>>> print(open('structure.tsv').read())   # TSV, C-alpha atoms
chain	number	residue	atom	x	y	z
A	7	MET	CA	-192.15	116.98	-114.55
A	8	THR	CA	-192.58	119.96	-116.87
A	9	LEU	CA	-190.11	122.84	-116.72
A	10	LEU	CA	-191.22	126.20	-118.13
A	11	ILE	CA	-188.36	128.39	-119.40
A	12	LEU	CA	-189.03	132.02	-120.31
A	13	PHE	CA	-186.98	133.94	-122.88
A	14	SER	CA	-187.47	137.72	-123.14
A	15	GLY	CA	-186.13	140.36	-125.46
A	16	LYS	CA	-187.33	143.73	-126.77
A	17	GLY	CA	-190.60	143.43	-124.92
A	18	LEU	CA	-191.44	140.03	-126.44
A	19	GLN	CA	-191.65	136.90	-124.34
A	20	ALA	CA	-191.18	133.41	-125.76
A	21	GLN	CA	-192.00	130.24	-123.94
A	22	LYS	CA	-190.49	126.77	-124.31
A	23	THR	CA	-191.68	123.74	-122.39
A	24	PHE	CA	-189.11	121.13	-121.42
A	25	ARG	CA	-190.22	117.58	-120.68
A	26	ILE	CA	-188.04	116.05	-117.97
A	27	GLY	CA	-187.81	112.52	-116.61
A	28	TYR	CA	-185.63	110.87	-114.00
A	29	VAL	CA	-184.24	107.47	-113.07
A	30	ASP	CA	-183.20	105.89	-109.79
A	31	MET	CA	-179.83	104.30	-110.55
A	32	GLU	CA	-179.64	102.52	-107.20
A	33	TYR	CA	-183.05	100.92	-107.78
A	34	ILE	CA	-181.99	99.77	-111.24
A	35	LEU	CA	-178.72	98.28	-109.99
A	36	GLN	CA	-180.51	96.42	-107.19
A	37	ASN	CA	-182.74	94.72	-109.75
A	38	VAL	CA	-180.12	93.68	-112.30
A	39	PRO	CA	-179.09	90.08	-111.44
A	40	GLN	CA	-175.68	90.31	-113.14
A	41	TYR	CA	-174.78	93.36	-111.05
A	42	GLN	CA	-175.98	91.76	-107.81
A	43	GLU	CA	-173.92	88.62	-108.44
A	44	ALA	CA	-170.76	90.58	-109.26
A	45	SER	CA	-171.39	92.95	-106.34
A	46	SER	CA	-171.64	89.99	-103.96
A	47	GLN	CA	-168.29	88.69	-105.21
A	48	LEU	CA	-166.73	92.13	-104.73
A	49	ASP	CA	-168.15	92.36	-101.18
A	50	SER	CA	-166.50	89.02	-100.34
A	51	ARG	CA	-163.20	90.30	-101.71
A	52	VAL	CA	-163.54	93.54	-99.74
A	53	GLN	CA	-164.16	91.56	-96.54
A	54	GLU	CA	-160.94	89.65	-97.14
A	55	TRP	CA	-159.03	92.90	-97.66
A	56	ARG	CA	-160.44	94.38	-94.45
A	57	SER	CA	-159.48	91.24	-92.54
A	58	GLU	CA	-155.93	91.54	-93.88
A	59	VAL	CA	-155.75	95.21	-92.85
A	60	GLU	CA	-156.99	94.37	-89.35
A	61	ALA	CA	-154.49	91.50	-89.07
A	62	LYS	CA	-151.62	93.84	-89.97
A	63	LYS	CA	-152.80	96.36	-87.35
A	64	ARG	CA	-153.00	93.63	-84.69
A	65	ASP	CA	-149.46	92.45	-85.51
A	66	ILE	CA	-148.16	96.00	-85.14
A	67	GLU	CA	-149.94	96.46	-81.81
A	68	GLN	CA	-148.40	93.20	-80.58
A	69	MET	CA	-144.94	94.39	-81.66
A	70	LYS	CA	-145.45	97.66	-79.74
A	71	SER	CA	-146.68	95.80	-76.67
A	72	ARG	CA	-143.70	93.44	-76.64
A	73	LEU	CA	-141.32	96.36	-77.01
A	74	GLU	CA	-142.84	98.16	-74.03
A	75	ASN	CA	-142.71	95.01	-71.91
A	76	GLU	CA	-139.08	94.30	-72.81
A	77	ARG	CA	-137.77	97.88	-73.08
A	78	ALA	CA	-136.03	97.81	-69.69
A	79	LEU	CA	-134.08	94.68	-70.71
A	80	LEU	CA	-132.97	95.92	-74.13
A	81	THR	CA	-129.98	97.99	-75.18
A	82	ARG	CA	-130.50	101.31	-76.89
A	83	GLU	CA	-129.47	99.83	-80.22
A	84	LEU	CA	-132.02	97.01	-79.95
A	85	ILE	CA	-134.76	99.46	-78.97
A	86	GLU	CA	-134.02	101.64	-82.01
A	87	GLU	CA	-133.95	98.55	-84.22
A	88	ARG	CA	-137.36	97.46	-82.91
A	89	GLU	CA	-138.81	100.96	-83.35
A	90	GLU	CA	-137.54	101.10	-86.94
A	91	GLU	CA	-139.15	97.73	-87.67
A	92	ILE	CA	-142.47	98.92	-86.19
A	93	ALA	CA	-142.33	102.13	-88.25
A	94	TYR	CA	-141.60	100.10	-91.38
A	95	GLN	CA	-144.53	97.72	-90.71
A	96	GLU	CA	-146.85	100.71	-90.08
A	97	GLU	CA	-145.79	102.21	-93.40
A	98	GLN	CA	-146.38	98.89	-95.17
A	99	ALA	CA	-149.83	98.54	-93.57
A	100	LEU	CA	-150.78	102.08	-94.60
A	101	ASP	CA	-149.59	101.47	-98.17
A	102	TYR	CA	-151.63	98.26	-98.31
A	103	GLN	CA	-154.74	100.03	-97.01
A	104	GLN	CA	-154.32	102.79	-99.61
A	105	LYS	CA	-153.77	100.19	-102.32
A	106	ARG	CA	-157.07	98.53	-101.47
A	107	PHE	CA	-159.27	101.41	-100.27
A	108	GLY	CA	-157.53	104.64	-101.33
A	109	PRO	CA	-158.81	107.12	-103.98
A	110	ASN	CA	-157.12	105.03	-106.68
A	111	GLY	CA	-157.43	101.74	-104.82
A	112	ASP	CA	-158.64	98.37	-105.99
A	113	TYR	CA	-162.08	98.79	-104.41
A	114	LEU	CA	-163.05	101.94	-106.31
A	115	ILE	CA	-161.48	100.67	-109.53
A	116	GLN	CA	-163.37	97.38	-109.40
A	117	LYS	CA	-166.54	99.18	-108.31
A	118	LYS	CA	-166.35	101.39	-111.39
A	119	GLN	CA	-165.64	98.38	-113.59
A	120	LEU	CA	-168.67	96.68	-112.07
A	121	VAL	CA	-171.04	99.61	-112.62
A	122	ARG	CA	-169.79	100.73	-116.03
A	123	PRO	CA	-171.47	97.98	-118.16
A	124	ILE	CA	-174.79	98.59	-116.40
A	125	GLN	CA	-174.40	102.35	-116.87
A	126	ASP	CA	-173.83	101.82	-120.59
A	127	GLN	CA	-177.04	99.77	-120.77
A	128	VAL	CA	-178.90	102.44	-118.78
A	129	PHE	CA	-177.69	105.22	-121.09
A	130	THR	CA	-178.78	103.23	-124.14
A	131	ALA	CA	-182.20	102.53	-122.61
A	132	VAL	CA	-182.62	106.15	-121.45
A	133	ARG	CA	-181.85	107.46	-124.93
A	134	GLU	CA	-184.40	105.09	-126.51
A	135	ILE	CA	-187.11	105.85	-123.93
A	136	SER	CA	-186.45	109.61	-124.08
A	137	GLU	CA	-186.92	109.58	-127.84
A	138	ASN	CA	-190.16	107.59	-127.53
A	139	ARG	CA	-191.58	109.84	-124.81
A	140	ASN	CA	-190.19	113.10	-126.25
A	141	LEU	CA	-188.20	113.87	-123.08
A	142	ASP	CA	-185.74	116.76	-123.23
A	143	MET	CA	-183.79	115.87	-120.07
A	144	VAL	CA	-183.40	112.85	-117.79
A	145	PHE	CA	-181.80	113.04	-114.34
A	146	ASP	CA	-180.48	110.41	-111.97
A	147	ARG	CA	-182.22	111.12	-108.67
A	148	THR	CA	-179.44	109.36	-106.70
A	149	ALA	CA	-176.76	111.64	-108.16
A	150	ASP	CA	-175.93	115.11	-106.89
A	151	THR	CA	-178.25	116.91	-109.30
A	152	GLY	CA	-180.04	119.16	-106.84
A	153	MET	CA	-183.40	117.53	-107.60
A	154	LEU	CA	-185.73	118.37	-104.71
A	155	TYR	CA	-188.97	116.99	-106.11
A	156	ALA	CA	-190.07	114.75	-108.92
A	157	ALA	CA	-193.53	113.38	-109.62
A	158	GLU	CA	-193.62	109.61	-109.67
A	159	GLU	CA	-195.34	109.60	-113.06
A	160	HIS	CA	-192.09	110.82	-114.63
A	161	ASP	CA	-189.95	108.06	-113.11
A	162	ILE	CA	-188.77	105.90	-116.02
A	163	SER	CA	-186.60	103.59	-113.90
A	164	ASP	CA	-188.91	100.61	-114.47
A	165	GLN	CA	-188.89	101.22	-118.19
A	166	VAL	CA	-185.10	101.40	-118.20
A	167	LEU	CA	-184.95	98.17	-116.21
A	168	ARG	CA	-187.37	96.50	-118.62
A	169	SER	CA	-185.26	97.66	-121.55
A	170	ILE	CA	-182.10	96.21	-119.98
A	171	ASN	CA	-183.84	92.90	-119.27
A	172	ARG	CA	-185.21	92.77	-122.79
A	173	ALA	CA	-181.73	93.29	-124.22
A	174	ALA	CA	-180.50	90.41	-122.07
A	175	ASN	CA	-183.41	88.25	-123.26
A	176	ARG	CA	-182.63	89.02	-126.89
A	177	ARG	CA	-179.15	87.60	-126.43
A	178	GLN	CA	-180.57	84.39	-124.93
A	179	ILE	CA	-183.36	83.53	-127.41
A	180	ASP	CA	-182.74	80.93	-130.09
A	181	SER	CA	-185.99	79.97	-131.80
A	182	ARG	CA	-188.25	82.03	-134.04
A	183	GLN	CA	-191.19	81.48	-131.70
A	184	GLU	CA	-189.26	82.85	-128.74
A	185	ARG	CA	-188.28	85.88	-130.81
A	186	GLN	CA	-191.91	86.53	-131.75
A	187	GLU	CA	-193.03	86.18	-128.12
A	188	LEU	CA	-190.33	88.64	-127.06
A	189	GLU	CA	-191.41	91.16	-129.71
A	190	ILE	CA	-195.01	90.95	-128.45
A	191	ALA	CA	-193.82	91.46	-124.86
A	192	GLU	CA	-191.73	94.47	-125.86
A	193	GLU	CA	-194.77	96.18	-127.33
A	194	ARG	CA	-196.58	96.11	-123.98
A	195	THR	CA	-196.58	99.17	-121.73
A	196	VAL	CA	-195.54	99.18	-118.07
A	197	GLU	CA	-199.22	99.29	-117.07
A	198	GLU	CA	-200.02	96.27	-119.25
A	199	ASP	CA	-197.09	94.37	-117.78
A	200	GLU	CA	-198.28	95.22	-114.26
A	201	LYS	CA	-201.78	93.94	-115.10
A	202	ILE	CA	-200.34	90.73	-116.56
A	203	ASN	CA	-198.13	90.29	-113.49
A	204	GLU	CA	-201.11	90.82	-111.18
A	205	GLU	CA	-203.15	88.23	-113.08
A	206	ALA	CA	-200.21	85.83	-113.04
A	207	GLN	CA	-199.84	86.37	-109.29
A	208	ILE	CA	-203.55	85.61	-108.75
A	209	ILE	CA	-203.18	82.40	-110.77
A	210	GLN	CA	-200.05	81.51	-108.82
A	211	ASP	CA	-201.80	82.15	-105.49
A	212	LYS	CA	-204.70	79.90	-106.55
A	213	GLN	CA	-202.26	77.23	-107.68
A	214	THR	CA	-200.38	77.47	-104.38
A	215	ALA	CA	-203.65	77.15	-102.41
A	216	ARG	CA	-204.72	74.18	-104.56
A	217	GLU	CA	-201.38	72.48	-104.03
A	218	ALA	CA	-201.68	73.09	-100.28
A	219	ILE	CA	-205.13	71.44	-100.24
A	220	LEU	CA	-203.87	68.47	-102.26
A	221	ALA	CA	-200.85	68.15	-100.00
A	222	GLU	CA	-203.09	68.14	-96.91
A	223	ARG	CA	-205.35	65.49	-98.45
A	224	GLN	CA	-202.32	63.38	-99.30
A	225	ARG	CA	-201.03	63.81	-95.76
A	226	GLN	CA	-204.36	62.63	-94.37
A	227	ARG	CA	-204.40	59.61	-96.73
A	228	ASP	CA	-200.85	58.76	-95.75
A	229	SER	CA	-201.79	59.07	-92.09
A	230	ILE	CA	-204.78	56.72	-92.49
A	231	LYS	CA	-202.69	54.30	-94.51
A	232	ALA	CA	-199.96	54.34	-91.88
A	233	ALA	CA	-202.54	53.72	-89.12
A	234	LYS	CA	-204.03	50.78	-91.01
A	235	GLN	CA	-200.57	49.39	-91.69
A	236	GLN	CA	-199.68	49.65	-88.02
A	237	GLU	CA	-202.98	47.96	-87.03
A	238	LEU	CA	-202.28	45.16	-89.51
A	239	GLU	CA	-198.77	44.64	-88.19
A	240	GLU	CA	-200.01	44.57	-84.60
A	241	ARG	CA	-202.68	41.99	-85.53
A	242	ARG	CA	-200.10	39.89	-87.33
A	243	ALA	CA	-197.78	40.08	-84.35
A	244	LYS	CA	-200.60	38.88	-82.05
A	245	ILE	CA	-201.36	35.94	-84.36
A	246	ILE	CA	-197.72	34.94	-84.43
A	247	GLU	CA	-197.48	35.33	-80.68
A	248	GLU	CA	-200.62	33.20	-80.16
A	249	ARG	CA	-199.36	30.52	-82.54
A	250	GLN	CA	-196.03	30.42	-80.76
A	251	ARG	CA	-197.78	30.15	-77.40
A	252	ARG	CA	-199.82	27.15	-78.59
A	253	MET	CA	-196.75	25.43	-80.00
A	254	ASP	CA	-194.93	25.96	-76.72
A	255	SER	CA	-197.94	24.51	-74.84
A	256	ILE	CA	-198.04	21.40	-77.07
A	257	ARG	CA	-194.30	20.96	-76.70
A	258	ASN	CA	-194.56	21.12	-72.90
A	259	LEU	CA	-197.38	18.55	-72.86
A	260	ARG	CA	-195.29	16.16	-74.94
A	261	LYS	CA	-192.37	16.57	-72.60
A	262	GLN	CA	-194.58	15.81	-69.61
A	263	LYS	CA	-195.98	12.68	-71.33
A	264	ASP	CA	-192.51	11.41	-72.17
A	265	THR	CA	-191.47	11.94	-68.57
A	266	ILE	CA	-194.42	9.89	-67.24
A	267	ASN	CA	-193.74	7.07	-69.69
>>> encode(input="structure.tsv", output="structure tokens")
Amino acid sequence: MTLLILFSGKGLQAQKTFRIGYVDMEYILQNVPQYQEASSQLDSRVQEWRSEVEAKKRDIEQMKSRLENERALLTRELIEEREEEIAYQEEQALDYQQKRFGPNGDYLIQKKQLVRPIQDQVFTAVREISENRNLDMVFDRTADTGMLYAAEEHDISDQVLRSINRAANRRQIDSRQERQELEIAEERTVEEDEKINEEAQIIQDKQTAREAILAERQRQRDSIKAAKQQELEERRAKIIEERQRRMDSIRNLRKQKDTIN
């Protein structure tokens, strides 16, 4: 996006062109594995906190219900004592809810702690990319910036994400060869990466199709082999059965001969 700013004075008009880019912070966060893993852990913790809040509310409702059912049987002092206990439990439940979900609660604090390292990486990447592309300003389209329109060609979110992933890869490489391969990859543009990914996907699709064909052939061979094995076992069983029948017949004839003798 190009922003044209006009400066005027004493009848003269000067023009300055600002080059502006933007990022989609939500998109970046959704594609950073470390953030997703930590976010999932936080979601599990939040679910536990909500369950605890709901349990406290149910306990209070049960206390109120018992009081109403037993009110006619209780003295005034006991009723006041029960009401004070309910009020105390309600206050404790509210304090707990504020501690977990209030403006200064654990949820917002841990959420900020979760996002802050990624934000630092984004700011570093944005500064590097802005210098390379001569951008004067970069906005976050998910923030309250008043951005109503932005051409997709000025979206540098993918470049920021690539920069973050590259930084993570740099920390993981050990050998000189891996370092050289990473340097070559870092010199590629987004378009070149997309082309490489498309070619890799085509190769992967062909490999998947080839594996499916080989698997089907193996299944057919296994099926034929199993059929032959079953036929062999049935034939063997018939031979054994026939042999046993003959032996039984000979044994019966011998018995009959012994009886006659």
>>> closest_residue(input="structure.tsv", among="A:Gln213, A:Gln207, A:Gln127, A:Gln236", to="Ala173 of chain A", atoms="all atoms listed in the file")
A:Gln127
>>> residues_near_point(input="structure.tsv", point="(-175.2, 97.9, -114.9)", cutoff="12 Å", atoms="only C-alpha atoms", output="JSON, numbers by chain")
{"A": [31, 32, 33, 34, 35, 36, 37, 38, 39, 40, 41, 42, 43, 44, 45, 117, 118, 119, 120, 121, 122, 123, 124, 125, 126, 127, 128, 129, 130, 131, 166, 167, 170, 171, 174]}
>>> atom_distance(input="structure.tsv", atom1="atom CA of Glu247 of chain A", atom2="atom CA of Gln235 of chain A")
18.1 Å
>>> atom_distance(input="structure.tsv", atom1="atom CA of Val29 of chain A", atom2="atom CA of Asp146 of chain A")
4.9 Å
>>> closest_residue(input="structure.tsv", among="A:Lys62, A:Leu141, A:Ile266, A:Ile135", to="Gln98 of chain A", atoms="all atoms listed in the file")
A:Lys62
>>> atom_distance(input="structure.tsv", atom1="atom CA of Arg64 of chain A", atom2="atom CA of Ile92 of chain A")
11.9 Å
>>> residues_around(input="structure.tsv", residues="segment 68-71 of chain A", least_positions_apart="3", cutoff="10 Å", atoms="all atoms listed in the file", output="list of chain:residue names")
A:Lys62, A:Lys63, A:Arg64, A:Asp65, A:Glu74, A:Asn75, A:Glu76, A:Arg77, A:Arg88, A:Glu89, A:Glu91, A:Ile92, A:Gln95
